[in-house]
Amino acid sequence: MMILFSTILEQDDEVIISDPHYACYPNFIRFFGGKPICVPVFEDEGFQYTPAAIREMIRPCTKAILINSPSNPTGNLLSRERMEEIASFGVPVISDEIYHGLVYGEAEHSILEFTDNAFVLNGFSNAYAMTGWRLGYLRFSYANSLENIREGMNRLESYLKEIR
Ligand SMILES: Cc1ncc(COP(=O)(O)O)c(C=O)c1O
């Protein structure tokens with residue numbers, strides 16, 4: 001996730017996230033000069049992250065919409081229809097799919113079923129109980145992003161050297 005944000009974010013770029021969210025998201029966004037923009041989700045609505053509420057927050061400086069389904073901490077699962085609608089906004093979607101493989105009964109969906117304009121994050125911590133390993137991976141469209149990802153990795157390396 002750090003590599004990704006180092007790649008796509010410029011000062012004051014906005015990233016839409018749900019509230020509540022995985023606690024690290026705002027810190028990672030701010031570390032690279034970005035602004036987390038929260039869309040509240042409510043218990044009496046099953047913590048649904050609604051496309052209409054997301055759309056209201058989209059501005060020219062919106063760099064990405066971050067989704068996390070199944071979600072930490074709410075456990076909410078985004079339906080196919082909601083994912084499809086979020087994908088249709090044309091804003092890159094960062095989909096944290098780290099809880100895929102841990103859904104029972106309902107169908108889980110990947111954002112890649114609906115758009116290539118997306119970055120998918122996943123890892124081994126939760127599905128394989130390998131939290132100590134800190135192993136993860138990023139899927140993205142090769143043609144559009146490989147050079148940017150390389151630049152992002154260099155940028156992240158220089159930030160980390162600075163704060164060491
Ligand atoms: C939503 C979410 N994303 C990402 C992570 C990061 O996983 P890790 O750094 O353990 O690979 C976690 C960890 O629990 C999480 O809950």
# chains A, B, ... in the order shown; residues from 1 in each chain; ligands from 1
>>> residues_near_ligand(ligand="ligand 1", cutoff="8 Å", atoms="only C-alpha atoms and all ligand atoms", output="MDAnalysis selection string")
chainID A and resid 21:22 24 68 71:73 96:99 121:126 130:136
>>> select_by_dssp(residues="chain A", states="alpha helix (DSSP H)", output="PyMOL selection string")
chain A and resi 2-8+24-31+51-57+80-87+142-163
>>> write_last_selection(atoms="C-alpha atoms", output="compact mmCIF listing (two decimals), in the first residue's frame")
# COMPACT_ATOMS: atom_id res chain seq x y z
CA MET A 2 2.87 2.37 0.78
CA ILE A 3 4.41 1.71 -2.65
CA LEU A 4 1.09 2.39 -4.29
CA PHE A 5 0.44 5.68 -2.48
CA SER A 6 4.02 6.80 -3.14
CA THR A 7 3.31 6.21 -6.82
CA ILE A 8 -0.02 7.89 -7.31
CA CYS A 24 -3.57 2.58 8.80
CA TYR A 25 -5.26 4.06 5.71
CA PRO A 26 -5.28 7.77 6.72
CA ASN A 27 -1.70 7.61 7.94
CA PHE A 28 -0.46 6.03 4.74
CA ILE A 29 -2.32 8.64 2.66
CA ARG A 30 -1.05 11.59 4.74
CA PHE A 31 2.53 10.27 4.67
CA PRO A 51 -21.93 4.60 -4.32
CA ALA A 52 -24.20 7.67 -4.05
CA ALA A 53 -22.35 8.93 -0.95
CA ILE A 54 -19.00 8.21 -2.60
CA ARG A 55 -19.99 10.10 -5.77
CA GLU A 56 -20.81 13.21 -3.75
CA MET A 57 -17.21 13.34 -2.51
CA ARG A 80 -21.67 -6.85 -7.28
CA GLU A 81 -24.03 -3.94 -8.11
CA ARG A 82 -22.32 -1.51 -5.73
CA MET A 83 -18.85 -2.47 -6.97
CA GLU A 84 -19.95 -2.08 -10.57
CA GLU A 85 -21.36 1.37 -9.84
CA ILE A 86 -18.22 2.50 -7.99
CA ALA A 87 -16.12 1.27 -10.95
CA TYR A 142 0.79 -3.52 -16.65
CA ALA A 143 0.53 -1.27 -19.67
CA ASN A 144 -0.51 1.82 -17.73
CA SER A 145 1.38 1.61 -14.54
CA LEU A 146 4.62 -0.35 -14.50
CA GLU A 147 6.92 2.65 -15.01
CA ASN A 148 4.99 4.64 -12.37
CA ILE A 149 5.27 1.78 -9.90
CA ARG A 150 9.05 1.71 -10.46
CA GLU A 151 9.24 5.45 -9.82
CA GLY A 152 7.03 5.01 -6.74
CA MET A 153 9.33 2.39 -5.29
CA ASN A 154 12.28 4.74 -5.70
CA ARG A 155 10.28 7.56 -4.11
CA LEU A 156 9.28 5.36 -1.16
CA GLU A 157 12.89 4.26 -0.69
CA SER A 158 14.07 7.87 -0.50
CA TYR A 159 11.28 8.81 1.98
CA LEU A 160 12.19 5.88 4.21
CA LYS A 161 15.89 6.84 4.12
CA GLU A 162 14.93 10.36 5.22
CA ILE A 163 12.99 9.22 8.28
>>> atom_distance(atom1="atom CA of Leu102 of chain A", atom2="atom CA of Ser69 of chain A")
10.6 Å
>>> atom_distance(atom1="atom CA of Ile65 of chain A", atom2="atom CA of Glu45 of chain A")
20.4 Å
>>> select_by_dssp(residues="segment 19-55 of chain A", states="strand (DSSP E)", output="short mmCIF file (atom, residue, chain, number, x, y, z; two decimals) with C-alpha atoms, in the first residue's frame")
data_model
loop_
_atom_site.label_atom_id
_atom_site.label_comp_id
_atom_site.auth_asym_id
_atom_site.auth_seq_id
_atom_site.Cartn_x
_atom_site.Cartn_y
_atom_site.Cartn_z
CA ASP A 19 -15.44 5.69 8.02
CA LYS A 35 -5.87 13.82 2.19
CA PRO A 36 -8.20 11.05 3.33
CA ILE A 37 -11.82 11.99 2.61
CA CYS A 38 -14.21 9.99 4.76
CA VAL A 39 -17.61 8.69 3.72
CA PRO A 40 -19.46 7.61 6.87
#
